[in-house]
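Below is my_file30.txt, holding compact mmCIF, C-alpha atoms and all ligand atoms.
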# COMPACT_ATOMS: atom_id res chain seq x y z
CA MET N 1 39.34 9.10 -54.18
CA THR N 2 41.87 9.93 -51.49
CA ASP N 3 40.83 9.27 -47.92
CA HIS N 4 40.07 12.85 -46.94
CA ASP N 5 37.81 13.25 -50.03
CA LYS N 6 35.53 10.46 -48.87
CA PRO N 7 32.09 11.28 -47.45
CA ILE N 8 30.79 11.02 -43.92
CA GLY N 9 27.98 8.53 -43.39
CA VAL N 10 25.22 9.36 -40.93
CA PHE N 11 22.30 7.12 -40.05
CA ASP N 12 19.23 6.96 -37.86
CA SER N 13 15.83 5.31 -37.90
CA GLY N 14 14.25 8.47 -39.32
CA VAL N 15 14.51 12.25 -39.16
CA GLY N 16 16.26 12.39 -35.77
CA GLY N 17 19.75 11.96 -37.18
CA LEU N 18 19.16 15.02 -39.33
CA THR N 19 19.77 17.08 -36.17
CA VAL N 20 23.28 15.62 -36.07
CA ALA N 21 23.76 15.89 -39.86
CA HIS N 22 22.72 19.53 -39.68
CA ALA N 23 25.33 20.23 -36.96
CA ILE N 24 27.97 18.41 -39.06
CA ARG N 25 27.10 20.65 -42.01
CA ARG N 26 27.56 23.73 -39.78
CA ILE N 27 30.76 22.62 -38.02
CA LEU N 28 32.36 20.77 -40.95
CA PRO N 29 31.15 22.72 -44.01
CA GLY N 30 33.73 21.13 -46.32
CA GLU N 31 32.53 17.54 -45.84
CA SER N 32 30.00 15.76 -48.01
CA MET N 33 27.50 13.49 -46.32
CA ILE N 34 25.51 10.38 -47.05
CA TYR N 35 22.45 10.08 -44.83
CA PHE N 36 20.37 6.96 -44.32
CA GLY N 37 17.00 7.12 -42.55
CA ASP N 38 15.60 3.67 -41.87
CA THR N 39 12.00 4.84 -42.05
CA ALA N 40 10.73 1.34 -42.93
CA HIS N 41 11.78 0.07 -39.47
CA LEU N 42 11.06 3.13 -37.37
CA PRO N 43 10.83 3.34 -34.38
CA TYR N 44 13.95 1.48 -33.28
CA GLY N 45 13.22 2.27 -29.63
CA ASP N 46 10.58 -0.46 -29.29
CA LYS N 47 12.61 -3.17 -31.06
CA SER N 48 14.83 -5.87 -29.58
CA PRO N 49 18.62 -5.28 -29.45
CA GLU N 50 19.01 -8.12 -32.04
CA SER N 51 16.78 -6.35 -34.57
CA ILE N 52 18.37 -2.94 -33.97
CA ILE N 53 21.85 -4.42 -34.46
CA TYR N 54 20.72 -6.29 -37.58
CA TYR N 55 19.31 -3.12 -39.19
CA SER N 56 22.31 -1.05 -38.14
CA LYS N 57 24.83 -3.48 -39.61
CA LYS N 58 23.02 -3.52 -42.95
CA ILE N 59 23.08 0.27 -43.08
CA THR N 60 26.74 0.33 -42.01
CA GLY N 61 27.52 -2.10 -44.85
CA PHE N 62 25.70 0.18 -47.28
CA LEU N 63 27.64 3.25 -46.10
CA LEU N 64 30.94 1.36 -46.23
CA GLY N 65 30.03 0.45 -49.82
CA LYS N 66 29.75 4.19 -50.48
CA GLN N 67 33.32 4.53 -49.17
CA CYS N 68 32.52 6.60 -46.11
CA LYS N 69 35.63 7.51 -44.13
CA ALA N 70 33.58 7.93 -40.95
CA ILE N 71 30.13 6.73 -39.92
CA VAL N 72 28.10 8.47 -37.26
CA ILE N 73 25.47 6.29 -35.59
CA ALA N 74 23.18 9.31 -35.19
CA CYS N 75 20.74 7.30 -33.11
CA ASN N 76 21.01 6.81 -29.37
CA THR N 77 19.09 3.56 -29.55
CA ALA N 78 21.51 1.96 -32.04
CA SER N 79 24.47 3.56 -30.23
CA SER N 80 23.42 2.18 -26.85
CA VAL N 81 22.79 -1.40 -27.94
CA GLY N 82 24.98 -1.78 -31.03
CA TYR N 83 28.08 0.42 -30.96
CA GLU N 84 30.56 -2.39 -30.18
CA GLU N 85 29.09 -4.77 -32.77
CA ILE N 86 28.92 -2.07 -35.43
CA SER N 87 32.52 -1.04 -34.75
CA LYS N 88 33.65 -4.67 -34.95
CA TYR N 89 31.75 -5.13 -38.20
CA ALA N 90 33.31 -2.02 -39.79
CA GLY N 91 36.83 -2.95 -38.63
CA ASP N 92 39.36 -0.47 -39.95
CA GLN N 93 37.28 0.50 -43.00
CA ALA N 94 35.85 3.63 -41.34
CA LEU N 95 35.88 5.53 -38.05
CA ILE N 96 32.69 4.77 -36.13
CA PHE N 97 31.12 7.36 -33.82
CA ASN N 98 28.29 6.88 -31.38
CA VAL N 99 26.23 9.77 -30.00
CA ILE N 100 26.52 8.89 -26.31
CA ASP N 101 30.24 9.03 -25.41
CA PRO N 102 30.81 12.62 -26.64
CA VAL N 103 27.80 13.79 -24.58
CA THR N 104 28.82 12.08 -21.33
CA ASP N 105 32.42 13.32 -21.84
CA TYR N 106 31.12 16.86 -22.33
CA TYR N 107 28.93 16.49 -19.25
CA HIS N 108 31.92 15.54 -17.08
CA GLU N 109 34.15 18.20 -18.48
CA PHE N 110 31.81 21.17 -18.42
CA LEU N 111 28.76 20.50 -16.26
CA ALA N 112 28.50 17.71 -13.71
CA PRO N 113 25.52 19.00 -11.71
CA LYS N 114 24.24 16.84 -8.86
CA THR N 115 20.98 15.76 -10.44
CA VAL N 116 20.54 14.93 -14.09
CA GLY N 117 17.60 13.53 -16.00
CA VAL N 118 17.91 11.39 -19.13
CA ILE N 119 15.05 10.86 -21.53
CA GLY N 120 15.18 8.48 -24.48
CA THR N 121 13.54 5.53 -26.16
CA LYS N 122 12.66 2.37 -24.26
CA ALA N 123 15.69 0.52 -25.66
CA THR N 124 18.11 3.33 -24.78
CA ILE N 125 16.79 3.71 -21.23
CA GLN N 126 16.67 -0.08 -20.67
CA SER N 127 20.31 -0.35 -21.79
CA GLY N 128 21.32 2.02 -18.97
CA ALA N 129 24.07 3.37 -21.26
CA TYR N 130 23.94 6.99 -20.05
CA GLU N 131 23.52 6.11 -16.41
CA LYS N 132 26.46 3.69 -16.43
CA LYS N 133 28.78 6.15 -18.17
CA ILE N 134 27.86 9.11 -15.98
CA LEU N 135 28.09 7.16 -12.73
CA ALA N 136 31.38 5.50 -13.68
CA GLU N 137 33.09 8.89 -13.75
CA ASN N 138 30.95 10.72 -11.26
CA PRO N 139 29.49 8.38 -8.62
CA GLY N 140 27.97 11.22 -6.56
CA VAL N 141 25.55 12.29 -9.28
CA LYS N 142 21.91 11.26 -9.13
CA VAL N 143 20.71 10.14 -12.55
CA PHE N 144 16.98 9.85 -13.23
CA SER N 145 16.17 8.08 -16.48
CA LYS N 146 12.81 7.88 -18.14
CA ALA N 147 11.62 6.30 -21.38
CA THR N 148 9.49 8.71 -23.40
CA PRO N 149 8.38 6.49 -26.29
CA LEU N 150 5.59 8.68 -27.66
CA LEU N 151 7.98 11.49 -28.60
CA VAL N 152 9.49 9.83 -31.69
CA PRO N 153 6.20 8.93 -33.45
CA MET N 154 4.85 12.35 -32.42
CA ILE N 155 7.80 14.11 -34.10
CA GLU N 156 7.78 11.82 -37.16
CA GLU N 157 4.08 12.69 -37.61
CA GLY N 158 4.90 16.39 -37.51
CA PHE N 159 3.41 17.26 -34.09
CA ILE N 160 6.15 19.62 -33.07
CA TYR N 161 4.85 22.90 -31.77
CA ASP N 162 1.19 22.50 -30.92
CA ASP N 163 -1.25 21.43 -28.21
CA ILE N 164 -0.57 17.72 -28.79
CA SER N 165 3.19 17.98 -28.44
CA ASN N 166 2.88 20.32 -25.44
CA ALA N 167 0.52 17.95 -23.64
CA ILE N 168 2.73 14.90 -24.24
CA ILE N 169 5.92 16.72 -23.18
CA ARG N 170 4.20 18.03 -20.05
CA ALA N 171 2.84 14.57 -19.18
CA TYR N 172 6.31 13.01 -19.36
CA LEU N 173 8.37 15.72 -17.71
CA SER N 174 6.07 16.67 -14.88
CA ASP N 175 6.66 13.22 -13.44
CA LYS N 176 8.81 13.42 -10.28
CA PRO N 177 11.81 13.73 -9.98
CA LEU N 178 12.28 14.76 -13.63
CA ASP N 179 10.39 17.96 -12.91
CA ASN N 180 13.18 19.06 -10.59
CA VAL N 181 16.55 18.19 -12.18
CA GLU N 182 19.48 20.57 -12.74
CA ALA N 183 20.23 19.25 -16.22
CA LEU N 184 18.40 17.11 -18.75
CA ILE N 185 20.09 14.99 -21.41
CA LEU N 186 18.05 14.52 -24.58
CA GLY N 187 19.05 10.89 -25.15
CA CYS N 188 17.43 10.66 -28.56
CA THR N 189 18.45 12.51 -31.69
CA HIS N 190 14.81 13.30 -32.50
CA TYR N 191 14.36 15.40 -29.38
CA PRO N 192 16.39 18.52 -30.36
CA ILE N 193 13.50 19.17 -32.76
CA ILE N 194 11.32 19.89 -29.69
CA LYS N 195 14.11 21.38 -27.54
CA ASN N 196 12.48 24.80 -27.28
CA GLN N 197 9.31 23.36 -25.84
CA ILE N 198 11.32 21.31 -23.35
CA ARG N 199 13.20 24.48 -22.36
CA ARG N 200 9.92 26.26 -21.94
CA PHE N 201 8.59 23.45 -19.73
CA TYR N 202 11.52 24.11 -17.37
CA ASN N 203 11.07 27.90 -17.60
CA PHE N 204 14.47 28.11 -19.33
CA ASP N 205 16.05 27.25 -16.00
CA VAL N 206 17.53 23.81 -16.68
CA GLU N 207 20.59 22.98 -18.80
CA ILE N 208 19.34 20.93 -21.77
CA LEU N 209 22.04 18.83 -23.42
CA ASP N 210 21.70 17.21 -26.81
CA SER N 211 24.11 15.32 -28.98
CA ALA N 212 23.99 17.27 -32.27
CA SER N 213 26.76 19.88 -31.98
CA ILE N 214 28.72 17.98 -29.31
CA VAL N 215 29.02 14.96 -31.63
CA ALA N 216 29.84 17.11 -34.66
CA GLY N 217 32.59 18.80 -32.59
CA ALA N 218 34.02 15.41 -31.54
CA LEU N 219 33.95 14.26 -35.16
CA LYS N 220 35.83 17.37 -36.27
CA SER N 221 38.56 16.89 -33.63
CA ARG N 222 39.05 13.26 -34.64
CA LEU N 223 39.17 13.95 -38.39
CA GLU N 224 41.66 16.75 -37.75
CA ALA N 225 43.81 14.51 -35.56
CA ASP N 226 43.79 11.76 -38.20
CA GLY N 227 44.50 14.14 -41.10
CA LEU N 228 41.16 13.25 -42.69
CA LEU N 229 39.51 16.68 -42.93
CA HIS N 230 38.38 17.60 -46.39
CA SER N 231 39.34 20.98 -47.72
CA GLY N 232 38.06 22.65 -50.86
CA ARG N 233 34.78 22.10 -52.65
CA ARG N 234 32.61 19.42 -51.22
CA GLY N 235 30.54 16.91 -53.16
CA LYS N 236 26.77 16.63 -53.14
CA ASP N 237 25.01 15.34 -50.03
CA ARG N 238 22.81 12.32 -50.59
CA PHE N 239 19.76 11.30 -48.58
CA PHE N 240 18.58 7.70 -48.59
CA VAL N 241 15.49 6.27 -46.90
CA SER N 242 14.21 2.72 -46.67
CA ASP N 243 10.64 3.97 -47.19
CA TYR N 244 9.16 7.25 -48.37
CA THR N 245 7.38 9.24 -45.68
CA PRO N 246 6.00 12.70 -46.50
CA TYR N 247 7.31 14.22 -43.32
CA PHE N 248 10.90 13.10 -43.88
CA LYS N 249 11.20 15.16 -47.02
CA LYS N 250 9.67 18.17 -45.34
CA ILE N 251 11.95 18.13 -42.31
CA ALA N 252 15.06 17.30 -44.35
CA GLY N 253 14.19 20.32 -46.51
CA MET N 254 13.95 22.46 -43.37
CA PHE N 255 17.39 21.39 -42.17
CA PHE N 256 19.10 21.50 -45.57
CA ASP N 257 17.58 24.60 -47.18
CA GLY N 258 14.81 23.65 -49.49
CA SER N 259 14.74 20.91 -51.99
CA ILE N 260 16.60 17.70 -51.37
CA GLU N 261 16.19 14.54 -53.37
CA LEU N 262 15.25 11.43 -51.46
CA GLU N 263 16.52 8.11 -52.79
CA LYS N 264 14.76 4.95 -51.69
CA ARG N 265 16.84 1.85 -50.90
CA ASP N 266 15.60 -1.47 -49.60
CA LEU N 267 18.69 -3.06 -48.08
CA TRP N 268 16.83 -6.07 -46.73
CA ARG N 269 15.53 -7.73 -49.87
N1 LIG R 1 16.54 8.95 -33.08
C1 LIG R 1 16.68 7.71 -32.44
C2 LIG R 1 17.41 7.75 -31.14
O1 LIG R 1 18.24 8.63 -30.98
C3 LIG R 1 15.74 6.61 -32.72
C4 LIG R 1 14.36 6.71 -32.25
C5 LIG R 1 13.53 5.52 -32.63
O2 LIG R 1 13.58 5.11 -33.78
O3 LIG R 1 12.85 4.99 -31.75
O4 LIG R 1 17.23 6.95 -30.29

As structure tokens, how would this structure be written, given the file I've shared?
Ligand code: DGL
Amino acid sequence: MTDHDKPIGVFDSGVGGLTVAHAIRRILPGESMIYFGDTAHLPYGDKSPESIIYYSKKITGFLLGKQCKAIVIACNTASSVGYEEISKYAGDQALIFNVIDPVTDYYHEFLAPKTVGVIGTKATIQSGAYEKKILAENPGVKVFSKATPLLVPMIEEGFIYDDISNAIIRAYLSDKPLDNVEALILGCTHYPIIKNQIRRFYNFDVEILDSASIVAGALKSRLEADGLLHSGRRGKDRFFVSDYTPYFKKIAGMFFDGSIELEKRDLWR
């Protein structure tokens, strides 16, 4: 296999990374993908940095074994606590992308309002990754970060557009000063699944930024620059999980038109 024929690896704790994988499919239609959802260890957001890094390295090793030319850490939690370690571990075997840098770069280039909210898992918010990056380039901005830990289990359980999800979203976002920001960064790859309800909460009046297409765009530019873009017919996408969950199959089917086959892999035995 020549380098540009190799697949792109994408991983997350669960269905969240599918939002990024879906954008990659749209923006890079010639690439084949290998997805890993670590459903056995979900949610990552409540785990210690050591555990998150341990899980992420195992998955990275698995994707390197599948000869991925690039690996997208499609999880803000793993990106915020483990990007350096994962990059070090992969060495020059694959390009490693996190989902935070492309979003903060985009923010500086195209938006930079004076007040921005960031919502994410406990681990992502505790790491301060977004806040540090935004303030380093734009010290005048006021960044309000808030952990919203119920959103991931809510989404993984399929509460997406109903009274339960509306009540939880309202409870988190009506907290001051998040109720009054000019832009909101969805610092978790699960959250684009409920983006419309978040928009509705703000009466469609607040810029809502998520990583999916921004990261896929950054990946495309880098593959182009490195001469690694695949042209011609792509191979079959593969979807691995560390545990079967009924909802994973359903949502993966929604993102990737109908029937996909899930393959179970226990990388920790
Ligand atoms: N989708 C993930 C993120 O972007 C992980 C959520 C979790 O497992 O807690 O942070």

What are the closest atom pairs, with distances in Å to one decimal, for each residue of chain N lying within 10 Å of ligand LIG 1 (chain R), using all atoms listed in the file, rows by chain and rising residue number, as JSON lines?
{"residue": "N:Phe11", "atom": "CA", "partner": "R:LIG1", "partner_atom": "N1", "distance": 9.2}
{"residue": "N:Asp12", "atom": "CA", "partner": "R:LIG1", "partner_atom": "N1", "distance": 5.8}
{"residue": "N:Ser13", "atom": "CA", "partner": "R:LIG1", "partner_atom": "O2", "distance": 4.7}
{"residue": "N:Gly14", "atom": "CA", "partner": "R:LIG1", "partner_atom": "O2", "distance": 6.5}
{"residue": "N:Val15", "atom": "CA", "partner": "R:LIG1", "partner_atom": "N1", "distance": 7.2}
{"residue": "N:Gly16", "atom": "CA", "partner": "R:LIG1", "partner_atom": "N1", "distance": 4.4}
{"residue": "N:Gly17", "atom": "CA", "partner": "R:LIG1", "partner_atom": "N1", "distance": 6.0}
{"residue": "N:Leu18", "atom": "CA", "partner": "R:LIG1", "partner_atom": "N1", "distance": 9.1}
{"residue": "N:Thr19", "atom": "CA", "partner": "R:LIG1", "partner_atom": "N1", "distance": 9.3}
{"residue": "N:Val20", "atom": "CA", "partner": "R:LIG1", "partner_atom": "N1", "distance": 9.9}
{"residue": "N:Gly37", "atom": "CA", "partner": "R:LIG1", "partner_atom": "O2", "distance": 9.6}
{"residue": "N:Asp38", "atom": "CA", "partner": "R:LIG1", "partner_atom": "O2", "distance": 8.5}
{"residue": "N:Thr39", "atom": "CA", "partner": "R:LIG1", "partner_atom": "O2", "distance": 8.4}
{"residue": "N:His41", "atom": "CA", "partner": "R:LIG1", "partner_atom": "O2", "distance": 7.8}
{"residue": "N:Leu42", "atom": "CA", "partner": "R:LIG1", "partner_atom": "O2", "distance": 4.8}
{"residue": "N:Pro43", "atom": "CA", "partner": "R:LIG1", "partner_atom": "O2", "distance": 3.3}
{"residue": "N:Tyr44", "atom": "CA", "partner": "R:LIG1", "partner_atom": "O2", "distance": 3.7}
{"residue": "N:Gly45", "atom": "CA", "partner": "R:LIG1", "partner_atom": "O3", "distance": 3.5}
{"residue": "N:Asp46", "atom": "CA", "partner": "R:LIG1", "partner_atom": "O3", "distance": 6.4}
{"residue": "N:Lys47", "atom": "CA", "partner": "R:LIG1", "partner_atom": "O3", "distance": 8.2}
{"residue": "N:Ile52", "atom": "CA", "partner": "R:LIG1", "partner_atom": "O2", "distance": 9.4}
{"residue": "N:Ile73", "atom": "CA", "partner": "R:LIG1", "partner_atom": "O1", "distance": 8.9}
{"residue": "N:Ala74", "atom": "CA", "partner": "R:LIG1", "partner_atom": "O1", "distance": 6.5}
{"residue": "N:Cys75", "atom": "CA", "partner": "R:LIG1", "partner_atom": "O1", "distance": 3.5}
{"residue": "N:Asn76", "atom": "CA", "partner": "R:LIG1", "partner_atom": "O1", "distance": 3.7}
{"residue": "N:Thr77", "atom": "CA", "partner": "R:LIG1", "partner_atom": "O4", "distance": 3.9}
{"residue": "N:Ala78", "atom": "CA", "partner": "R:LIG1", "partner_atom": "O4", "distance": 6.8}
{"residue": "N:Ser79", "atom": "CA", "partner": "R:LIG1", "partner_atom": "O4", "distance": 8.0}
{"residue": "N:Ser80", "atom": "CA", "partner": "R:LIG1", "partner_atom": "O4", "distance": 8.5}
{"residue": "N:Val99", "atom": "CA", "partner": "R:LIG1", "partner_atom": "O1", "distance": 8.1}
{"residue": "N:Ile100", "atom": "CA", "partner": "R:LIG1", "partner_atom": "O1", "distance": 9.5}
{"residue": "N:Ile119", "atom": "CA", "partner": "R:LIG1", "partner_atom": "O4", "distance": 9.8}
{"residue": "N:Gly120", "atom": "CA", "partner": "R:LIG1", "partner_atom": "O4", "distance": 6.3}
{"residue": "N:Thr121", "atom": "CA", "partner": "R:LIG1", "partner_atom": "O3", "distance": 5.7}
{"residue": "N:Lys122", "atom": "CA", "partner": "R:LIG1", "partner_atom": "O3", "distance": 7.9}
{"residue": "N:Ala123", "atom": "CA", "partner": "R:LIG1", "partner_atom": "O3", "distance": 8.1}
{"residue": "N:Thr124", "atom": "CA", "partner": "R:LIG1", "partner_atom": "O4", "distance": 6.7}
{"residue": "N:Ile125", "atom": "CA", "partner": "R:LIG1", "partner_atom": "O4", "distance": 9.6}
{"residue": "N:Thr148", "atom": "CA", "partner": "R:LIG1", "partner_atom": "O3", "distance": 9.7}
{"residue": "N:Pro149", "atom": "CA", "partner": "R:LIG1", "partner_atom": "O3", "distance": 7.2}
{"residue": "N:Leu150", "atom": "CA", "partner": "R:LIG1", "partner_atom": "O3", "distance": 9.1}
{"residue": "N:Leu151", "atom": "CA", "partner": "R:LIG1", "partner_atom": "O3", "distance": 8.7}
{"residue": "N:Val152", "atom": "CA", "partner": "R:LIG1", "partner_atom": "C4", "distance": 5.8}
{"residue": "N:Pro153", "atom": "CA", "partner": "R:LIG1", "partner_atom": "O3", "distance": 7.9}
{"residue": "N:Glu156", "atom": "CA", "partner": "R:LIG1", "partner_atom": "O2", "distance": 9.5}
{"residue": "N:Leu186", "atom": "CA", "partner": "R:LIG1", "partner_atom": "O1", "distance": 8.7}
{"residue": "N:Gly187", "atom": "CA", "partner": "R:LIG1", "partner_atom": "O1", "distance": 6.3}
{"residue": "N:Cys188", "atom": "CA", "partner": "R:LIG1", "partner_atom": "O1", "distance": 3.3}
{"residue": "N:Thr189", "atom": "CA", "partner": "R:LIG1", "partner_atom": "O1", "distance": 4.0}
{"residue": "N:His190", "atom": "CA", "partner": "R:LIG1", "partner_atom": "N1", "distance": 4.7}
{"residue": "N:Tyr191", "atom": "CA", "partner": "R:LIG1", "partner_atom": "N1", "distance": 7.7}
{"residue": "N:Pro192", "atom": "CA", "partner": "R:LIG1", "partner_atom": "N1", "distance": 10.0}
{"residue": "N:Ser211", "atom": "CA", "partner": "R:LIG1", "partner_atom": "O1", "distance": 9.1}

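Relative to CA of Asp205 in chain N, CA of Pro113 in chain N is found at 13.3 Å.
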
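With distances taken over all atoms listed in the file, N:Lys58 is the one residue among N:Lys58, N:Lys6, N:Lys132, N:Arg199 lying closest to Glu85 in chain N.
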
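CA of Pro102 in chain N lies 14.8 Å from CA of Ala136 in chain N.
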
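With CA of Ile86 in chain N on one side and CA of Pro7 in chain N on the other, the separation reads 18.2 Å.
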
Query raised in the report: Quick one: of N:Leu28, N:Leu223, N:Tyr35, N:Arg170, who's nearest to Phe239 in chain N, counting only C-alpha atoms?
Result: N:Tyr35
